[in-house]
Every structure is written in C-alpha cells, then in structure tokens.
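Printed here is model31.txt (compact mmCIF, C-alpha atoms):
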```
# COMPACT_ATOMS: atom_id res chain seq x y z
CA MET A 1 -24.13 23.10 -13.38
CA LYS A 2 -22.47 21.97 -10.16
CA GLU A 3 -20.27 24.42 -8.34
CA LYS A 4 -16.55 23.65 -8.48
CA LYS A 5 -13.54 24.75 -6.50
CA THR A 6 -9.82 24.07 -6.47
CA GLU A 7 -7.46 23.92 -3.53
CA PHE A 8 -3.71 23.79 -3.63
CA LYS A 9 -2.21 21.20 -1.30
CA ILE A 10 1.12 19.45 -1.05
CA PHE A 11 1.30 16.02 0.53
CA THR A 12 4.71 14.39 0.83
CA ILE A 13 5.34 10.73 0.15
CA SER A 14 4.70 9.76 3.76
CA GLN A 15 1.48 11.73 4.07
CA TYR A 16 -0.92 9.54 2.12
CA GLU A 17 -3.05 8.89 5.22
CA LYS A 18 -3.24 12.63 5.85
CA GLU A 19 -4.32 13.13 2.25
CA ALA A 20 -6.98 10.43 2.56
CA ALA A 21 -8.30 12.13 5.71
CA TYR A 22 -8.39 15.47 3.90
CA LEU A 23 -10.45 14.06 1.04
CA ARG A 24 -12.86 12.49 3.55
CA ARG A 25 -13.25 15.78 5.45
CA MET A 26 -13.95 17.64 2.22
CA ARG A 27 -16.61 15.09 1.25
CA GLN A 28 -18.20 15.47 4.67
CA SER A 29 -18.34 19.23 4.00
CA GLY A 30 -20.10 18.72 0.68
CA TRP A 31 -17.16 18.68 -1.73
CA LYS A 32 -16.19 15.58 -3.68
CA ILE A 33 -12.82 15.28 -5.40
CA THR A 34 -13.01 15.08 -9.18
CA ALA A 35 -9.39 15.45 -10.24
CA ILE A 36 -5.88 16.22 -9.07
CA ARG A 37 -3.39 18.09 -11.27
CA PHE A 38 0.34 18.29 -10.76
CA PRO A 39 1.86 19.54 -8.51
CA GLY A 40 -1.08 19.71 -6.12
CA PHE A 41 -4.29 21.22 -7.49
CA TYR A 42 -7.27 19.41 -5.99
CA THR A 43 -10.48 20.07 -7.92
CA PHE A 44 -13.78 19.48 -6.11
CA GLU A 45 -17.42 19.45 -7.16
CA ALA A 46 -20.26 20.45 -4.84
CA CYS A 47 -22.30 17.50 -3.56
CA GLU A 48 -24.46 16.30 -0.69
CA PRO A 49 -22.30 16.00 2.45
CA GLU A 50 -21.59 12.33 3.01
CA ASP A 51 -19.18 10.33 5.11
CA VAL A 52 -17.08 8.64 2.47
CA VAL A 53 -13.74 7.01 3.24
CA TYR A 54 -10.93 7.72 0.79
CA GLN A 55 -7.80 5.57 0.44
CA LEU A 56 -4.62 5.74 -1.59
CA ASP A 57 -2.71 2.69 -2.79
CA TYR A 58 0.77 2.77 -4.23
CA ASN A 59 1.30 -0.30 -6.39
CA ARG A 60 3.04 0.07 -9.72
CA ASP A 61 2.62 -3.66 -10.40
CA SER A 62 -1.08 -2.95 -10.80
CA ALA A 63 -0.42 -1.00 -14.01
CA ALA A 64 0.10 -4.25 -15.94
CA ASN A 65 -3.20 -5.66 -14.68
CA LYS A 66 -5.22 -2.52 -14.13
CA GLU A 67 -8.61 -4.10 -14.91
CA GLU A 68 -8.13 -6.99 -12.46
CA TYR A 69 -6.75 -4.59 -9.86
CA VAL A 70 -9.72 -2.24 -10.09
CA GLN A 71 -12.13 -5.20 -10.19
CA MET A 72 -10.80 -6.60 -6.90
CA PHE A 73 -11.37 -3.26 -5.21
CA ALA A 74 -14.80 -2.93 -6.81
CA ASP A 75 -15.75 -6.41 -5.56
CA CYS A 76 -14.92 -5.21 -2.04
CA GLY A 77 -17.04 -2.10 -2.47
CA TRP A 78 -14.30 0.43 -3.30
CA ASN A 79 -14.92 2.81 -6.20
CA TYR A 80 -11.87 3.57 -8.28
CA LEU A 81 -11.46 7.29 -8.95
CA PHE A 82 -8.19 7.93 -10.76
CA ASP A 83 -4.43 7.66 -10.59
CA PHE A 84 -2.20 10.53 -9.60
CA VAL A 85 1.59 10.20 -9.68
CA ASP A 86 1.34 6.39 -9.41
CA TYR A 87 -1.07 6.45 -6.48
CA SER A 88 -4.51 4.91 -7.09
CA TYR A 89 -7.42 6.67 -5.37
CA PHE A 90 -10.43 4.77 -4.06
CA CYS A 91 -13.49 5.65 -2.01
CA LYS A 92 -16.22 3.76 -0.16
CA PRO A 93 -19.15 5.15 1.85
CA ALA A 94 -18.62 4.78 5.60
CA ALA A 95 -22.08 3.25 5.87
CA ALA A 96 -21.03 0.36 3.62
CA PHE A 97 -18.57 -1.07 6.13
CA GLN A 98 -19.92 -3.92 8.19
CA GLY A 99 -19.28 -4.66 11.84
CA ALA A 100 -15.62 -5.30 12.60
CA GLU A 101 -14.43 -4.25 9.15
CA GLU A 102 -11.62 -1.68 9.20
CA LYS A 103 -12.29 1.46 7.18
CA SER A 104 -9.17 0.84 5.12
CA ILE A 105 -7.98 -0.95 2.00
CA PHE A 106 -5.52 -2.78 4.25
CA CYS A 107 -6.50 -5.37 6.85
CA ASP A 108 -3.08 -5.94 8.37
CA ASP A 109 -0.02 -3.88 9.21
CA ALA A 110 2.35 -6.14 7.29
CA SER A 111 0.70 -5.08 4.04
CA ARG A 112 0.82 -1.43 5.12
CA LEU A 113 4.55 -1.84 5.64
CA ASP A 114 4.78 -3.53 2.23
CA MET A 115 3.26 -0.42 0.67
CA MET A 116 5.84 1.75 2.43
CA LYS A 117 8.54 -0.49 0.96
CA ARG A 118 7.04 -0.09 -2.52
CA ILE A 119 7.01 3.69 -2.06
CA ALA A 120 10.63 3.64 -0.91
CA LEU A 121 11.60 1.62 -3.96
CA GLY A 122 9.54 3.57 -6.45
CA ARG A 123 10.07 7.10 -5.17
CA LEU A 124 13.05 7.29 -2.90
CA LEU A 125 15.37 5.11 -4.93
CA PRO A 126 15.34 7.39 -8.02
CA LEU A 127 15.90 10.38 -5.74
CA PHE A 128 18.78 8.57 -4.09
CA VAL A 129 20.34 7.86 -7.47
CA ILE A 130 20.08 11.54 -8.41
CA PHE A 131 21.48 12.41 -5.01
CA THR A 132 24.60 10.28 -5.28
CA ALA A 133 25.19 10.84 -8.98
CA ILE A 134 24.57 14.58 -9.20
CA ILE A 135 23.80 16.43 -5.99
CA LEU A 136 26.59 15.05 -3.86
CA PRO A 137 29.41 15.56 -6.37
CA GLN A 138 28.13 19.02 -7.37
CA PHE A 139 27.74 19.99 -3.73
CA TRP A 140 31.30 18.92 -3.09
CA MET A 141 32.67 20.77 -6.12
CA HIS A 142 30.85 24.02 -5.43
CA PHE A 143 31.66 23.94 -1.74
CA TYR A 144 35.17 25.04 -2.53
CA THR A 145 34.11 27.97 -4.71
CA LEU A 146 31.52 29.33 -2.29
CA ASP A 147 33.36 32.61 -1.71
CA THR A 148 33.76 33.42 -5.42
CA HIS A 149 30.61 31.77 -6.82
CA PRO A 150 28.08 31.75 -4.01
CA VAL A 151 24.92 31.25 -6.07
CA MET A 152 25.62 27.74 -7.37
CA GLY A 153 27.14 26.72 -4.08
CA ILE A 154 24.14 27.89 -2.09
CA MET A 155 21.76 26.21 -4.51
CA TYR A 156 23.50 22.87 -4.12
CA ILE A 157 23.70 23.23 -0.37
CA ALA A 158 19.94 23.84 -0.37
CA LEU A 159 19.33 20.79 -2.59
CA PHE A 160 21.63 18.70 -0.44
CA VAL A 161 19.75 19.66 2.70
CA LEU A 162 16.39 19.14 0.99
CA TYR A 163 17.26 15.62 -0.14
CA CYS A 164 18.65 14.72 3.28
CA VAL A 165 15.42 15.94 4.87
CA ILE A 166 13.29 13.91 2.44
CA PHE A 167 15.26 10.71 3.16
CA LEU A 168 15.29 11.37 6.88
CA VAL A 169 11.58 12.10 7.19
CA TYR A 170 10.63 9.05 5.19
CA GLY A 171 13.15 6.90 7.02
CA ILE A 172 11.69 7.98 10.35
CA HIS A 173 8.15 7.34 9.10
CA TYR A 174 9.10 3.87 7.89
CA TYR A 175 11.11 2.76 10.92
CA THR A 176 8.73 4.07 13.55
CA PHE A 177 5.90 2.16 11.86
CA LYS A 178 8.05 -0.95 11.55
CA LYS A 179 8.89 -0.77 15.22
CA LYS A 180 5.30 -0.10 16.17
CA ILE A 181 4.11 -3.27 14.50
CA GLY A 182 6.92 -5.24 16.08
CA LYS A 183 8.80 -6.39 13.04
CA MET B 1 12.80 -24.99 0.44
CA ASP B 2 14.52 -21.67 -0.12
CA ALA B 3 15.74 -20.14 3.12
CA HIS B 4 14.38 -16.83 1.88
CA ILE B 5 10.88 -18.29 1.47
CA LYS B 6 10.96 -19.75 4.97
CA LYS B 7 12.09 -16.43 6.42
CA VAL B 8 9.32 -14.47 4.73
CA TYR B 9 6.45 -16.92 5.12
CA VAL B 10 7.01 -18.72 8.43
CA PRO B 11 5.39 -17.34 10.46
CA MET B 12 2.95 -15.79 8.06
CA THR B 13 0.18 -13.26 8.43
CA GLU B 14 -3.36 -14.42 9.00
CA THR B 15 -4.21 -13.09 5.55
CA GLY B 16 -1.46 -15.15 3.95
CA PHE B 17 -2.53 -18.25 5.80
CA TYR B 18 -6.14 -17.95 4.69
CA ILE B 19 -5.14 -17.22 1.10
CA LEU B 20 -3.12 -20.44 0.91
CA LEU B 21 -5.81 -22.38 2.73
CA CYS B 22 -8.55 -21.23 0.34
CA LEU B 23 -6.45 -21.64 -2.78
CA ARG B 24 -6.16 -25.38 -2.31
CA GLN B 25 -9.15 -25.04 -4.62
CA PRO B 26 -8.96 -22.63 -7.58
CA GLY B 27 -10.38 -19.23 -6.74
CA HIS B 28 -10.06 -15.47 -7.14
CA GLY B 29 -9.31 -12.73 -4.66
CA TYR B 30 -12.87 -11.78 -3.85
CA GLY B 31 -13.87 -15.43 -3.55
CA ILE B 32 -11.25 -15.75 -0.82
CA VAL B 33 -12.62 -12.65 0.95
CA GLN B 34 -16.11 -14.16 0.97
CA GLN B 35 -14.91 -17.60 2.11
CA VAL B 36 -12.89 -16.16 4.98
CA ARG B 37 -15.83 -14.05 6.17
CA LYS B 38 -17.91 -17.20 6.33
CA MET B 39 -15.15 -19.29 7.95
CA THR B 40 -14.47 -16.73 10.65
CA ASN B 41 -18.10 -15.79 11.22
CA GLU B 42 -17.64 -12.23 9.88
CA GLU B 43 -14.72 -11.63 12.28
CA LEU B 44 -12.09 -11.46 9.57
CA VAL B 45 -12.83 -9.25 6.57
CA LEU B 46 -9.90 -9.19 4.16
CA ALA B 47 -9.28 -5.94 2.32
CA PRO B 48 -8.35 -5.43 -1.36
CA GLY B 49 -5.10 -3.52 -0.85
CA THR B 50 -3.80 -6.32 1.34
CA MET B 51 -5.24 -9.05 -0.93
CA TYR B 52 -3.80 -7.69 -4.16
CA GLY B 53 -0.38 -7.12 -2.60
CA SER B 54 -0.30 -10.57 -0.97
CA LEU B 55 -1.50 -12.40 -4.09
CA SER B 56 1.10 -10.64 -6.28
CA LYS B 57 3.84 -11.36 -3.77
CA MET B 58 2.88 -15.02 -3.40
CA GLU B 59 2.66 -15.45 -7.16
CA LYS B 60 6.14 -13.94 -7.57
CA ASP B 61 7.50 -16.23 -4.85
CA GLY B 62 5.92 -19.29 -6.45
CA LEU B 63 3.49 -20.18 -3.68
CA ILE B 64 0.47 -19.76 -5.96
CA ARG B 65 -0.03 -19.63 -9.71
CA CYS B 66 -2.53 -17.99 -11.99
CA ILE B 67 -4.42 -20.69 -13.84
CA ALA B 68 -7.08 -18.64 -15.62
CA GLU B 69 -8.79 -15.31 -16.02
CA GLU B 70 -12.54 -14.91 -15.80
CA GLU B 71 -14.45 -11.65 -16.16
CA LYS B 72 -11.53 -9.44 -15.17
CA ARG B 73 -10.62 -11.67 -12.22
CA LYS B 74 -7.48 -13.78 -12.03
CA ILE B 75 -8.02 -17.35 -10.84
CA TYR B 76 -5.22 -18.65 -8.66
CA GLN B 77 -4.33 -22.04 -7.21
CA ILE B 78 -1.75 -23.16 -4.66
CA THR B 79 1.48 -24.74 -5.95
CA ASP B 80 3.50 -27.57 -4.43
CA LEU B 81 5.76 -25.02 -2.79
CA GLY B 82 2.72 -23.25 -1.41
CA THR B 83 1.44 -26.51 0.02
CA GLU B 84 4.82 -27.14 1.66
CA VAL B 85 4.78 -23.68 3.24
CA LEU B 86 1.19 -24.12 4.41
CA GLU B 87 2.13 -27.42 6.07
CA LEU B 88 5.06 -25.78 7.88
CA GLU B 89 2.86 -22.97 9.12
CA LEU B 90 0.12 -25.38 10.17
CA LYS B 91 2.67 -27.36 12.22
CA ARG B 92 3.83 -24.14 13.86
CA ILE B 93 0.27 -23.14 14.75
CA GLU B 94 -0.53 -26.60 16.11
CA ARG B 95 2.56 -26.53 18.29
CA LEU B 96 1.64 -23.07 19.54
CA TYR B 97 -1.89 -24.16 20.29
CA GLN B 98 -0.83 -27.38 22.11
CA ASN B 99 1.67 -25.53 24.26
CA ALA B 100 -0.80 -22.77 25.06
CA ARG B 101 -3.54 -25.23 25.98
CA GLU B 102 -1.15 -27.23 28.20
CA ALA B 103 0.22 -24.14 29.91
CA LEU B 104 -3.22 -22.74 30.56
CA SER B 105 -4.89 -25.92 31.75
```
Could you write out this structure as structure tokens?
Amino acid sequence: MKEKKTEFKIFTISQYEKEAAYLRRMRQSGWKITAIRFPGFYTFEACEPEDVVYQLDYNRDSAANKEEYVQMFADCGWNYLFDFVDYSYFCKPAAAFQGAEEKSIFCDDASRLDMMKRIALGRLLPLFVIFTAIILPQFWMHFYTLDTHPVMGIMYIALFVLYCVIFLVYGIHYYTFKKKIGK
Amino acid sequence: MDAHIKKVYVPMTETGFYILLCLRQPGHGYGIVQQVRKMTNEELVLAPGTMYGSLSKMEKDGLIRCIAEEEKRKIYQITDLGTEVLELELKRIERLYQNAREALS
C-alpha cells in the first residue's frame, strides 16, 4: 500500500505556472499528485523521485470534444491526469523532451496570452457580474448605515476590496505579459 | 475579407502559418506537429496547448474546417478563406525577406 499525504494549497487564477512548478517539485521529491479536492487539498502518493513536468490548460471548449483534446496531448507525449475547476492537468517526463523543445504545452506566447484571455472570460467575467450586480450596490447601501449597522457594512467593504484586488492582480498579470511579448 | 480576420491573422504566428500551410492537405493536429518537425529540421516543435487553441480558433473563424474524425482525431482542411489569408501572409513574408536581403547585401 503506497504512502499518501495531503497538502493544503491555494493558487489564484494567475498562479497556474506556480502550481505547475509545485507539482513538479513534489514529483522530484518522490510524491506524485493523484487528486485535487476543492478548495485546495492536494493528495499525493509516494513514488520514485522523477523529473516530470506538469502543465495546466484552461480551455472550456475542450469539454465538448474531450476525447480529441486528450488524444492530441497524448500524441505529443502528455499524460492527462484530471480536471480541477475547469483546468486540465497534464504531465510529461522531462527526459521525453527532445532538443529545442520547450518544456511546456505552449510553443508560443500568443497562445499563452490566449489562455489568459480564456481565463479572464471564464473566471473573471462571472465575478465581475456579481460585483456590479450585488457587491457594488450593497456596498453603497450599507456604507450609509455603517455607524448603526457596522457588521454588514464591514463585510461588504471587505468583499469590495477583495474583488478589486482580484481584478487588479489579474489585470496586472495579463497586461505585464501582454507588454512583455510586445502585443 | 473581414477586417477582423485581417487584423487577427496578418501577421500571424509561426504556428498559425504552418497549420494553414500543412492543411492544404487534410490532416490532424499531431500530423501537423510531425510535418513541421520534419520541415524545420527539428527546430520547430509545436505543442498541444497551442495547437488545440489555434485549431479551434481557426475553425471558429472559418479558416479551416473539420472534414472527418478518425480514431479520436479531428481531420481538418483549409477553406477558401484560409487560402486567401495564407496568400496574404505569404506576400507579407516575401516582401519582408526581399527587403531584408536587399538591405543586408
């Protein structure tokens, strides 16, 4: 019976590369990821330490053609692991890459930017809708009753700040990358 | 041609160019990866995340179409619009190359 362990980690929507690096490090230490449970429980199984590259892809279009999607990755040597909150997880041994091949599921920055756009559309847009439809009006309403009803007011201020931070951080991540690749 | 198509695809990425070039004959994603490796002497290795995204995008924009499915692989082929775009891009590259060669000679 292989030893198992679970770690709790939170990766935000702009930290998929960080998450991929984490999974690679764990594999190099002799722990391979077997499952991820919401909101961030990473379950590992003991294994031989190996340098395996992990990658995340966000592509909701793939859901309609999952078999073809997975097959394309398999053809290129990437093993499909599972999906977690719309991200598809793949891995490929570092030794399997040849010569000039980048250790990534992307071979150009334009497609990396495309993924960021998909994430913005799929994740940020719903948040933005909630923000404008609920948070903003509620924040405004409760702002005026802060002295008499502080709890609700403070809660909405906190949510307001949280959402602004989420948009800002992702916006910075997106635009710095866009600038970096000269688009 | 749609102004939007021109804006997105001219100039296009190397990946996009090779996809259109290869799909003048019917083929699937991995077939394109293999062809391009051969054509570029192993210098250009296309990756699945990029391939899948580009193929979906091009299909949506009407530059390629899915003509069949074989063993869990979609077979695509270039459309007339795709051929038009490829021609435009080829002209652009030729012009670039001519000017560069002249300037550097």
Rows by chain and residue number, stretch 54-127 of chain A within 12 Å of stretch 61-69 of chain B, shortest pair, all atoms listed in the file, as JSON lines:
```
{"residue": "A:Asn65", "atom": "CA", "partner": "B:Glu69", "partner_atom": "CA", "distance": 11.2}
{"residue": "A:Glu67", "atom": "CA", "partner": "B:Glu69", "partner_atom": "CA", "distance": 11.3}
{"residue": "A:Glu68", "atom": "CA", "partner": "B:Glu69", "partner_atom": "CA", "distance": 9.1}
```
Compile a residue-level contact table for chain B against chain A at a cut-off of 6 Å, reporting for every qualifying residue the shortest atom pair and its distance in Å to one decimal, with only C-alpha atoms counted, rows ordered by chain and ascending number, as a Markdown table.
```
| residue | atom | partner | partner_atom | distance |
| --- | --- | --- | --- | --- |
| B:Val45 | CA | A:Glu101 | CA | 5.8 |
| B:Leu46 | CA | A:Cys107 | CA | 5.8 |
| B:Ala47 | CA | A:Ile105 | CA | 5.2 |
| B:Pro48 | CA | A:Phe73 | CA | 5.4 |
| B:Gly49 | CA | A:Ile105 | CA | 4.8 |
| B:Thr50 | CA | A:Phe106 | CA | 4.9 |
| B:Lys72 | CA | A:Glu68 | CA | 5.0 |
| B:Arg73 | CA | A:Glu68 | CA | 5.3 |
```
All residues 7 Å or closer to stretch 89-101 of chain B, only C-alpha atoms, same chain fewer than 3 positions away omitted, as a list in words: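 Returned residues: Val10, Pro11, Val85, Leu86, Leu104 and Ser105 of chain B.
Residues lying within 12 Å of A:Ile10, counting all atoms listed in the file and ignoring same-chain neighbours fewer than 4 positions away, are Ser14, Gln15, Tyr16, Lys18, Glu19, Tyr22, Ile36, Arg37, Phe38, Pro39, Gly40, Phe41 and Tyr42 of chain A.
Of note, atom CA of B:Arg37 and atom CA of B:Glu84 are spaced 24.9 Å apart.
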Judged by all atoms listed in the file, the minimum distance to A:Asp51 among A:Lys9, A:Arg27, A:Lys32, A:Lys2 is found for A:Arg27
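Distance-wise, atom CA of B:Tyr9 and atom CA of A:Tyr175 end up 21.0 Å apart.
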Mind giving me the straight-line distance from atom CA of A:Thr176 to atom CA of A:Ile135 in Å, one decimal?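 So the answer is 27.6 Å.
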